There are 2 protein chains.
Amino acid sequence: MKVRLYSSAAQFSAACQNVRALGGTLGLVPTMGALHSGHMALMHEAKRLATHVAATIFVNPTQFAANEDFGQYPRTLDADMAKCEAAGVNLLFVPDVREMYAPGDSTRVRVSGVADVLCGAVRPGHFDGVATIVTKLFVLAGTCTAVFGKKDYQQLKVIERVASDLKLPIRVVAHPIVREPDGLAMSSRNAYLSAENRRRSCAISRGLSKAWRIFESGERDIDPILDCVRTELAIEHLQLQYAELADADTLELFGGQSRLSERALLAVAAYCDKTRLIDNVVLGEDLDPLQ
Amino acid sequence: MKVRLYSSAAQFSAACQNVRALGGTLGLVPTMGALHSGHMALMHEAKRLATHVAATIFVNPTQFAANEDFGQYPRTLDADMAKCEAAGVNLLFVPDVREMYAPGDSTRVRVSGVADVLCGAVRPGHFDGVATIVTKLFVLAGTCTAVFGKKDYQQLKVIERVASDLKLPIRVVAHPIVREPDGLAMSSRNAYLSAENRRRSCAISRGLSKAWRIFESGERDIDPILDCVRTELAIEHLQLQYAELADADTLELFGGQSRLSERALLAVAAYCDKTRLIDNVVLGEDLDPLQ
């Protein structure tokens with residue numbers, strides 16, 4: 001079955017409505033393209049949860065700061081379309097920037113709280129861009145089940161808030177992180193890594209795994225857990241941007257002398273040369289990242 | 001025919017969907033209650049444009065600043081329901097605050113540009129509250145024609161932007177200002193006025209009318225037009241908050257030595273004792289406010 005391609009928001013929206021009008025249900029997988037096995041897993045999960053799957057590919061300018069990699073973000077549309085077809089995607093929406101941000105566009109959706117820490121603290125405006133584009137895509141898609149990966153855990157929490165707060169008829173489903181055999185979390189930005197940097201980057205998941213193991217052994221103090229990450233990154237000379245422990249639901253940071261509660265997000269952002277990588281594990285919930 | 005009352009967002013949304021599922025069309029009139037003839041005119045217009053009319057009554061806390069009149073805003077639900085019934089409203093949604101802002105709610109919709117001048121400049125955050133609640137109501141109502149009064153002209157422009165930018169399936173229709181026989185623009189806040197202040201408040205529409213007449217006579221300089229308003233307000237000792245001329249579409253202010261283009265919004269905010277009143281006329285488009 002051929003995937004149907006849409007560049008018009010109105011036509012994509014009508015096609016989504018049509019799926020429901022004919023008695024089907026819709027799964028939605030919003031992406032920025034440069035699709036990898038992580039995205040494919042989201043599409044398969046959407047296919048499992050709904051009769052039809054819509055994917056979107058849009059490199060969203062409003063979630064990049066001026067100094068970030070909007071211009072060089074990988075764009076691989078032909079390969080992406082083949083992957084969508086292989087994954088059984090029915091509708092593929094690939095708008096251009098003017099279709100999603102018409103001239104004069106001046107509305108932004110902003111989440112406070114969960115969007116203000118971690119990546120939100122070091123990428124000001126990033127989650128405003130995410131919340132805005134996801135609101136538009138959710139409005140266009142209408143009633144559906146939207147699947148997001150937990151690699152962008154904070155993004156997932158922001159999107160859950162947007163859907164709930166704005167009363168959007170969207171069920172948000174989280175999918176576990178998909179990793180390379182050596183543990184590196186899959187990301188379109190891994191394409192930026194040289195072979196040597198690709199190897200060095202595994203320090204992140206190794207640090208998360210060590211932290212996971214001492215947590216499983218009963219460790220509840222913050223510093224020894226964060227030290228697992230810091231130490232592994234230092235060995236490979238990765239530049240740590242942050243390593244934080246936060247409540248897995250509210251993203252309130254644990255700090256100082258506090259001890260961890262049941263479910264704690266351990267989130268890491270680090271640079272390998274110029275490539276920014278993020279990864280995380282929910283202690284008390286997820287499996288060992290290296291399992 | 002009885003109006004059906006909803007306090008649950010989910011049930012109101014389902015009822016709106018049901019109207020369309022049965023082949024009808026929906027007109028929407030969002031209000032803060034304390035209904036007057038201006039609101040009734042919006043409902044009649046909605047009835048003219050759609051087979052079914054949904055009205056909403058919600059005094060939205062996020063559009064009031066801490067020092068404003070959220071607490072004392074008139075609440076007259078029984079009378080409002082009777083008026084809705086008389087106007088042929090089919091569905092009436094009257095949620096409480098927790099229904100629209102559940103615990104943990106932290107998403108806001110913000111419009112820049114049109115929301116930053118005039119009332120937006122003197123009521124910081126006001127239009128964020130308006131844009132947020134209207135987004136939620138639009139999402140719940142779904143495809144419909146929403147009718148708003150031009151008395152809140154800037155609000156109308158903000159809402160037009162939100163609907164368009166967020167791709168909401170809403171046609172926004174503007175309704176002319178409805179005035180008392182003596183010219184005062186109808187507003188729920190007129191209930192705050194004593195008889196004497198009620199009389200003094202007519203200076204606003206008198207000033208707009210004088211400005212309208214000199215514009216019609218060919219005046220295109222800004223100062224003489226604004227002076228019409230300033231002079232009338234001074235006679236009755238109303239405290240001018242602002243009188244501005246702005247492009248009727250973009251709300252970009254005309255200032256200094258500039259001359260007016262074709263359609264220019266003349267917008268006024270003034271205090272009569274403690275009651276804040278707003279009014280406007282679109283020069284080159286509207287009729288004489290006192291006609």
# chains A, B, ... in the order shown; residues from 1 in each chain; ligands from 1

$ interface_residues --of "chain A" --to "chain B" --cutoff "7 Å" --atoms "only C-alpha atoms" --output "MDAnalysis selection string"
chainID A and resid 105:113 135:136 139:140 162 165:168

$ write_last_selection --atoms "C-alpha atoms" --output "JSON list (two decimals), in the first residue's frame"
[["chain", "number", "residue", "atom", "x", "y", "z"],
["A", 105, "ASP", "CA", 1.75, 34.18, 12.40],
["A", 106, "SER", "CA", 2.25, 35.42, 15.96],
["A", 107, "THR", "CA", 0.72, 32.84, 18.31],
["A", 108, "ARG", "CA", 2.82, 30.71, 20.62],
["A", 109, "VAL", "CA", 1.87, 28.04, 23.11],
["A", 110, "ARG", "CA", 3.91, 28.10, 26.29],
["A", 111, "VAL", "CA", 4.05, 25.59, 29.12],
["A", 112, "SER", "CA", 5.54, 26.62, 32.45],
["A", 113, "GLY", "CA", 6.83, 24.27, 35.13],
["A", 135, "THR", "CA", -0.69, 22.06, 19.12],
["A", 136, "LYS", "CA", -1.08, 22.84, 15.43],
["A", 139, "VAL", "CA", -5.56, 20.40, 15.92],
["A", 140, "LEU", "CA", -5.11, 19.29, 12.31],
["A", 162, "VAL", "CA", -0.47, 20.80, 26.27],
["A", 165, "ASP", "CA", -4.56, 21.68, 29.40],
["A", 166, "LEU", "CA", -5.88, 22.72, 25.96],
["A", 167, "LYS", "CA", -8.50, 19.92, 26.06],
["A", 168, "LEU", "CA", -7.21, 18.43, 22.82]]

$ calpha_fit_and_write --fixed "chain A" --moving "chain B" --output "mmCIF file with C-alpha atoms, in the first residue's frame"
data_model
loop_
_atom_site.group_PDB
_atom_site.id
_atom_site.type_symbol
_atom_site.label_atom_id
_atom_site.label_comp_id
_atom_site.auth_asym_id
_atom_site.auth_seq_id
_atom_site.Cartn_x
_atom_site.Cartn_y
_atom_site.Cartn_z
ATOM 1 C CA MET B 1 0.093 -0.029 -0.007
ATOM 2 C CA LYS B 2 1.287 3.411 -1.006
ATOM 3 C CA VAL B 3 1.644 6.108 1.617
ATOM 4 C CA ARG B 4 -0.348 9.217 0.673
ATOM 5 C CA LEU B 5 1.654 12.447 0.829
ATOM 6 C CA TYR B 6 0.163 15.787 1.909
ATOM 7 C CA SER B 7 1.739 19.224 1.878
ATOM 8 C CA SER B 8 -1.511 21.126 2.518
ATOM 9 C CA ALA B 9 -2.656 21.420 6.140
ATOM 10 C CA ALA B 10 -6.303 21.583 5.097
ATOM 11 C CA GLN B 11 -6.019 18.458 2.966
ATOM 12 C CA PHE B 12 -4.103 16.551 5.625
ATOM 13 C CA SER B 13 -6.753 17.494 8.199
ATOM 14 C CA ALA B 14 -9.553 16.410 5.869
ATOM 15 C CA ALA B 15 -7.823 13.066 5.280
ATOM 16 C CA CYS B 16 -7.523 12.482 9.032
ATOM 17 C CA GLN B 17 -11.207 13.289 9.482
ATOM 18 C CA ASN B 18 -12.025 10.931 6.660
ATOM 19 C CA VAL B 19 -10.277 8.053 8.435
ATOM 20 C CA ARG B 20 -12.618 8.532 11.394
ATOM 21 C CA ALA B 21 -15.685 9.159 9.216
ATOM 22 C CA LEU B 22 -15.122 5.732 7.670
ATOM 23 C CA GLY B 23 -15.022 4.127 11.109
ATOM 24 C CA GLY B 24 -11.251 3.945 11.501
ATOM 25 C CA THR B 25 -9.004 5.228 14.265
ATOM 26 C CA LEU B 26 -5.914 7.331 13.835
ATOM 27 C CA GLY B 27 -2.408 6.939 15.229
ATOM 28 C CA LEU B 28 -0.147 9.985 14.899
ATOM 29 C CA VAL B 29 3.664 10.112 14.838
ATOM 30 C CA PRO B 30 5.036 13.669 14.582
ATOM 31 C CA THR B 31 8.717 13.753 13.574
ATOM 32 C CA MET B 32 11.387 16.048 12.188
ATOM 33 C CA GLY B 33 12.353 13.403 9.634
ATOM 34 C CA ALA B 34 15.801 11.834 9.200
ATOM 35 C CA LEU B 35 13.959 8.739 10.313
ATOM 36 C CA HIS B 36 15.745 5.946 12.179
ATOM 37 C CA SER B 37 14.704 2.756 13.961
ATOM 38 C CA GLY B 38 13.431 4.774 16.919
ATOM 39 C CA HIS B 39 10.890 6.501 14.692
ATOM 40 C CA MET B 40 10.010 3.171 13.075
ATOM 41 C CA ALA B 41 9.236 1.749 16.507
ATOM 42 C CA LEU B 42 6.853 4.673 17.136
ATOM 43 C CA MET B 43 5.112 3.984 13.830
ATOM 44 C CA HIS B 44 4.759 0.298 14.613
ATOM 45 C CA GLU B 45 3.318 1.174 18.012
ATOM 46 C CA ALA B 46 0.869 3.605 16.367
ATOM 47 C CA LYS B 47 -0.129 0.865 13.938
ATOM 48 C CA ARG B 48 -0.771 -1.462 16.867
ATOM 49 C CA LEU B 49 -3.001 1.124 18.566
ATOM 50 C CA ALA B 50 -5.023 2.405 15.588
ATOM 51 C CA THR B 51 -6.349 1.274 12.224
ATOM 52 C CA HIS B 52 -4.529 4.049 10.339
ATOM 53 C CA VAL B 53 -1.236 5.840 10.932
ATOM 54 C CA ALA B 54 -0.413 9.431 10.047
ATOM 55 C CA ALA B 55 3.198 10.561 10.287
ATOM 56 C CA THR B 56 4.395 14.125 9.959
ATOM 57 C CA ILE B 57 7.824 15.381 8.922
ATOM 58 C CA PHE B 58 8.547 19.001 9.719
ATOM 59 C CA VAL B 59 11.815 20.538 10.860
ATOM 60 C CA ASN B 60 10.190 23.151 13.080
ATOM 61 C CA PRO B 61 12.124 26.423 13.006
ATOM 62 C CA THR B 62 10.562 27.855 16.178
ATOM 63 C CA GLN B 63 12.130 25.182 18.380
ATOM 64 C CA PHE B 64 15.668 26.038 17.258
ATOM 65 C CA ALA B 65 17.559 29.006 18.670
ATOM 66 C CA ALA B 66 19.527 31.215 16.286
ATOM 67 C CA ASN B 67 22.826 29.507 17.197
ATOM 68 C CA GLU B 68 21.463 25.964 16.818
ATOM 69 C CA ASP B 69 21.442 23.445 13.972
ATOM 70 C CA PHE B 70 18.195 24.262 12.126
ATOM 71 C CA GLY B 71 20.061 24.811 8.873
ATOM 72 C CA GLN B 72 22.159 21.666 8.999
ATOM 73 C CA TYR B 73 19.529 19.359 10.542
ATOM 74 C CA PRO B 74 19.525 16.239 8.314
ATOM 75 C CA ARG B 75 16.809 16.217 5.643
ATOM 76 C CA THR B 76 16.374 12.848 3.919
ATOM 77 C CA LEU B 77 12.854 12.921 2.522
ATOM 78 C CA ASP B 78 13.149 10.159 -0.098
ATOM 79 C CA ALA B 79 14.591 7.687 2.375
ATOM 80 C CA ASP B 80 12.032 8.809 4.969
ATOM 81 C CA MET B 81 9.136 8.124 2.609
ATOM 82 C CA ALA B 82 10.408 4.634 1.907
ATOM 83 C CA LYS B 83 10.682 3.979 5.634
ATOM 84 C CA CYS B 84 7.159 5.272 6.256
ATOM 85 C CA GLU B 85 5.863 2.987 3.554
ATOM 86 C CA ALA B 86 7.723 0.030 5.012
ATOM 87 C CA ALA B 87 6.272 0.817 8.437
ATOM 88 C CA GLY B 88 2.719 0.865 7.067
ATOM 89 C CA VAL B 89 2.148 4.607 7.421
ATOM 90 C CA ASN B 90 -1.026 5.610 5.561
ATOM 91 C CA LEU B 91 -0.836 9.414 5.571
ATOM 92 C CA LEU B 92 2.367 11.443 5.508
ATOM 93 C CA PHE B 93 2.183 15.188 6.096
ATOM 94 C CA VAL B 94 5.229 17.156 4.948
ATOM 95 C CA PRO B 95 4.355 20.849 5.068
ATOM 96 C CA ASP B 96 6.717 23.672 4.272
ATOM 97 C CA VAL B 97 7.417 26.384 6.822
ATOM 98 C CA ARG B 98 4.870 28.852 5.401
ATOM 99 C CA GLU B 99 2.142 26.221 5.630
ATOM 100 C CA MET B 100 2.649 25.892 9.388
ATOM 101 C CA TYR B 101 3.635 29.526 10.017
ATOM 102 C CA ALA B 102 1.771 31.739 7.557
ATOM 103 C CA PRO B 103 2.908 35.336 7.155
ATOM 104 C CA GLY B 104 1.758 37.290 10.199
ATOM 105 C CA ASP B 105 1.701 34.193 12.418
ATOM 106 C CA SER B 106 2.205 35.425 15.971
ATOM 107 C CA THR B 107 0.678 32.856 18.324
ATOM 108 C CA ARG B 108 2.807 30.731 20.638
ATOM 109 C CA VAL B 109 1.860 28.051 23.124
ATOM 110 C CA ARG B 110 3.897 28.101 26.291
ATOM 111 C CA VAL B 111 4.060 25.590 29.122
ATOM 112 C CA SER B 112 5.557 26.621 32.438
ATOM 113 C CA GLY B 113 6.856 24.279 35.118
ATOM 114 C CA VAL B 114 7.804 21.078 33.297
ATOM 115 C CA ALA B 115 9.218 23.160 30.412
ATOM 116 C CA ASP B 116 11.432 25.386 32.553
ATOM 117 C CA VAL B 117 14.066 22.940 33.850
ATOM 118 C CA LEU B 118 16.606 20.609 32.176
ATOM 119 C CA CYS B 119 16.683 21.323 28.415
ATOM 120 C CA GLY B 120 14.218 24.182 28.928
ATOM 121 C CA ALA B 121 16.721 25.977 31.144
ATOM 122 C CA VAL B 122 19.543 25.739 28.597
ATOM 123 C CA ARG B 123 17.476 26.115 25.404
ATOM 124 C CA PRO B 124 15.228 29.136 26.091
ATOM 125 C CA GLY B 125 12.164 29.144 23.851
ATOM 126 C CA HIS B 126 12.756 25.576 22.650
ATOM 127 C CA PHE B 127 9.683 24.094 24.301
ATOM 128 C CA ASP B 128 7.523 27.073 23.272
ATOM 129 C CA GLY B 129 8.347 26.045 19.714
ATOM 130 C CA VAL B 130 7.611 22.388 20.459
ATOM 131 C CA ALA B 131 4.317 23.166 22.227
ATOM 132 C CA THR B 132 3.233 25.480 19.417
ATOM 133 C CA ILE B 133 3.903 23.110 16.528
ATOM 134 C CA VAL B 134 2.473 20.111 18.354
ATOM 135 C CA THR B 135 -0.708 22.068 19.127
ATOM 136 C CA LYS B 136 -1.090 22.865 15.435
ATOM 137 C CA LEU B 137 -0.481 19.240 14.414
ATOM 138 C CA PHE B 138 -2.891 17.957 17.075
ATOM 139 C CA VAL B 139 -5.581 20.397 15.931
ATOM 140 C CA LEU B 140 -5.124 19.295 12.316
ATOM 141 C CA ALA B 141 -5.108 15.568 13.122
ATOM 142 C CA GLY B 142 -8.113 15.664 15.462
ATOM 143 C CA THR B 143 -9.062 12.739 17.679
ATOM 144 C CA CYS B 144 -6.137 10.314 17.672
ATOM 145 C CA THR B 145 -3.468 8.439 19.607
ATOM 146 C CA ALA B 146 -0.134 10.235 19.319
ATOM 147 C CA VAL B 147 3.065 8.304 20.004
ATOM 148 C CA PHE B 148 6.254 9.977 21.237
ATOM 149 C CA GLY B 149 9.602 8.514 22.244
ATOM 150 C CA LYS B 150 10.913 8.746 25.794
ATOM 151 C CA LYS B 151 14.351 9.807 24.542
ATOM 152 C CA ASP B 152 12.879 13.311 24.553
ATOM 153 C CA TYR B 153 11.364 12.691 27.967
ATOM 154 C CA GLN B 154 10.839 16.340 28.851
ATOM 155 C CA GLN B 155 9.242 16.999 25.460
ATOM 156 C CA LEU B 156 6.853 14.151 26.211
ATOM 157 C CA LYS B 157 5.871 15.760 29.525
ATOM 158 C CA VAL B 158 5.394 19.152 27.846
ATOM 159 C CA ILE B 159 3.209 17.594 25.170
ATOM 160 C CA GLU B 160 1.148 15.687 27.738
ATOM 161 C CA ARG B 161 0.475 19.006 29.494
ATOM 162 C CA VAL B 162 -0.467 20.803 26.267
ATOM 163 C CA ALA B 163 -2.888 18.074 25.219
ATOM 164 C CA SER B 164 -4.491 17.937 28.645
ATOM 165 C CA ASP B 165 -4.561 21.683 29.396
ATOM 166 C CA LEU B 166 -5.886 22.708 25.974
ATOM 167 C CA LYS B 167 -8.506 19.905 26.076
ATOM 168 C CA LEU B 168 -7.199 18.431 22.827
ATOM 169 C CA PRO B 169 -8.826 15.072 21.952
ATOM 170 C CA ILE B 170 -5.459 13.337 21.864
ATOM 171 C CA ARG B 171 -4.249 10.299 23.781
ATOM 172 C CA VAL B 172 -0.501 10.694 24.254
ATOM 173 C CA VAL B 173 1.407 7.406 24.407
ATOM 174 C CA ALA B 174 5.052 7.118 25.427
ATOM 175 C CA HIS B 175 7.390 4.638 23.770
ATOM 176 C CA PRO B 176 10.590 3.330 25.419
ATOM 177 C CA ILE B 177 13.921 4.624 24.144
ATOM 178 C CA VAL B 178 15.290 2.630 21.229
ATOM 179 C CA ARG B 179 19.056 2.148 21.450
ATOM 180 C CA GLU B 180 21.875 1.079 19.158
ATOM 181 C CA PRO B 181 23.382 -2.328 20.064
ATOM 182 C CA ASP B 182 26.131 -0.535 22.009
ATOM 183 C CA GLY B 183 23.617 1.483 24.041
ATOM 184 C CA LEU B 184 23.631 4.883 22.330
ATOM 185 C CA ALA B 185 20.081 6.259 22.225
ATOM 186 C CA MET B 186 18.913 6.602 18.637
ATOM 187 C CA SER B 187 18.725 10.185 17.404
ATOM 188 C CA SER B 188 18.757 11.879 14.042
ATOM 189 C CA ARG B 189 21.627 13.947 15.389
ATOM 190 C CA ASN B 190 23.825 10.839 15.746
ATOM 191 C CA ALA B 191 24.469 11.353 12.027
ATOM 192 C CA TYR B 192 26.692 14.282 13.039
ATOM 193 C CA LEU B 193 29.128 11.941 14.860
ATOM 194 C CA SER B 194 32.436 10.733 13.410
ATOM 195 C CA ALA B 195 33.276 7.070 14.030
ATOM 196 C CA GLU B 196 35.493 8.023 16.941
ATOM 197 C CA ASN B 197 32.885 10.349 18.452
ATOM 198 C CA ARG B 198 30.249 7.684 17.898
ATOM 199 C CA ARG B 199 32.359 5.391 20.108
ATOM 200 C CA ARG B 200 32.971 8.068 22.753
ATOM 201 C CA SER B 201 29.234 8.888 22.950
ATOM 202 C CA CYS B 202 28.486 5.498 24.485
ATOM 203 C CA ALA B 203 29.800 6.908 27.747
ATOM 204 C CA ILE B 204 26.368 8.495 28.258
ATOM 205 C CA SER B 205 24.318 5.303 28.261
ATOM 206 C CA ARG B 206 27.121 3.548 30.198
ATOM 207 C CA GLY B 207 26.827 6.207 32.903
ATOM 208 C CA LEU B 208 23.033 5.867 32.992
ATOM 209 C CA SER B 209 23.373 2.112 33.286
ATOM 210 C CA LYS B 210 25.801 2.365 36.204
ATOM 211 C CA ALA B 211 23.450 4.816 37.912
ATOM 212 C CA TRP B 212 20.567 2.438 37.281
ATOM 213 C CA ARG B 213 22.470 -0.407 38.896
ATOM 214 C CA ILE B 214 23.333 1.433 42.095
ATOM 215 C CA PHE B 215 19.750 2.689 42.340
ATOM 216 C CA GLU B 216 18.555 -0.904 41.997
ATOM 217 C CA SER B 217 20.996 -1.873 44.755
ATOM 218 C CA GLY B 218 19.242 0.576 47.034
ATOM 219 C CA GLU B 219 21.171 3.824 46.583
ATOM 220 C CA ARG B 220 18.852 6.816 47.114
ATOM 221 C CA ASP B 221 21.336 9.651 47.625
ATOM 222 C CA ILE B 222 21.678 12.012 44.724
ATOM 223 C CA ASP B 223 25.400 12.605 44.451
ATOM 224 C CA PRO B 224 26.589 9.006 44.064
ATOM 225 C CA ILE B 225 23.985 8.478 41.340
ATOM 226 C CA LEU B 226 24.957 11.604 39.419
ATOM 227 C CA ASP B 227 28.639 10.709 39.901
ATOM 228 C CA CYS B 228 28.126 7.539 37.825
ATOM 229 C CA VAL B 229 27.251 9.726 34.858
ATOM 230 C CA ARG B 230 29.869 12.381 35.526
ATOM 231 C CA THR B 231 32.644 9.801 35.819
ATOM 232 C CA GLU B 232 31.816 7.966 32.598
ATOM 233 C CA LEU B 233 31.544 11.213 30.648
ATOM 234 C CA ALA B 234 34.857 12.447 32.056
ATOM 235 C CA ILE B 235 36.637 9.274 30.896
ATOM 236 C CA GLU B 236 35.672 10.036 27.292
ATOM 237 C CA HIS B 237 36.093 13.800 27.720
ATOM 238 C CA LEU B 238 32.468 14.523 26.855
ATOM 239 C CA GLN B 239 31.374 17.961 27.983
ATOM 240 C CA LEU B 240 28.505 17.611 30.443
ATOM 241 C CA GLN B 241 25.793 20.233 29.996
ATOM 242 C CA TYR B 242 23.647 18.880 32.802
ATOM 243 C CA ALA B 243 22.987 15.706 34.732
ATOM 244 C CA GLU B 244 19.929 16.041 36.931
ATOM 245 C CA LEU B 245 17.521 13.971 38.945
ATOM 246 C CA ALA B 246 13.900 15.081 38.788
ATOM 247 C CA ASP B 247 10.491 13.808 39.777
ATOM 248 C CA ALA B 248 9.427 11.686 36.799
ATOM 249 C CA ASP B 249 5.988 13.333 36.612
ATOM 250 C CA THR B 250 6.426 16.973 37.596
ATOM 251 C CA LEU B 251 10.141 17.257 36.636
ATOM 252 C CA GLU B 252 10.774 19.085 39.899
ATOM 253 C CA LEU B 253 14.495 18.734 40.497
ATOM 254 C CA PHE B 254 15.909 16.815 43.422
ATOM 255 C CA GLY B 255 18.852 18.686 44.833
ATOM 256 C CA GLY B 256 21.139 19.113 47.780
ATOM 257 C CA GLN B 257 20.613 16.610 50.554
ATOM 258 C CA SER B 258 17.290 15.235 49.314
ATOM 259 C CA ARG B 259 16.842 11.528 48.730
ATOM 260 C CA LEU B 260 15.026 10.065 45.758
ATOM 261 C CA SER B 261 11.384 9.095 45.755
ATOM 262 C CA GLU B 262 10.019 6.071 43.944
ATOM 263 C CA ARG B 263 10.277 7.150 40.301
ATOM 264 C CA ALA B 264 13.076 9.545 39.489
ATOM 265 C CA LEU B 265 14.116 10.770 36.070
ATOM 266 C CA LEU B 266 17.881 10.815 35.568
ATOM 267 C CA ALA B 267 18.403 13.119 32.587
ATOM 268 C CA VAL B 268 21.671 13.978 30.855
ATOM 269 C CA ALA B 269 22.709 16.446 28.170
ATOM 270 C CA ALA B 270 26.295 16.444 26.918
ATOM 271 C CA TYR B 271 28.362 17.638 24.020
ATOM 272 C CA CYS B 272 30.599 15.299 22.043
ATOM 273 C CA ASP B 273 32.647 17.943 20.254
ATOM 274 C CA LYS B 274 29.900 20.094 18.720
ATOM 275 C CA THR B 275 27.144 17.479 18.763
ATOM 276 C CA ARG B 276 24.642 17.846 21.583
ATOM 277 C CA LEU B 277 23.258 14.539 22.825
ATOM 278 C CA ILE B 278 20.566 13.827 25.409
ATOM 279 C CA ASP B 279 19.577 10.626 27.148
ATOM 280 C CA ASN B 280 17.716 9.536 30.258
ATOM 281 C CA VAL B 281 16.433 6.697 32.373
ATOM 282 C CA VAL B 282 13.524 6.646 34.801
ATOM 283 C CA LEU B 283 14.938 5.007 37.923
ATOM 284 C CA GLY B 284 12.408 2.750 39.575
ATOM 285 C CA GLU B 285 10.533 2.199 36.302
ATOM 286 C CA ASP B 286 12.726 1.590 33.268
ATOM 287 C CA LEU B 287 14.962 -1.394 32.639
ATOM 288 C CA ASP B 288 18.767 -1.127 32.614
ATOM 289 C CA PRO B 289 19.585 1.035 29.561
ATOM 290 C CA LEU B 290 22.296 -1.463 28.590
ATOM 291 C CA GLN B 291 20.130 -4.530 29.013
#

$ select_by_dssp --residues "stretch 161-272 of chain A" --states "helix (DSSP H, G or I)" --output "number ranges by chain"
A: 161-165, 188-192, 195-200, 202-216, 222-235
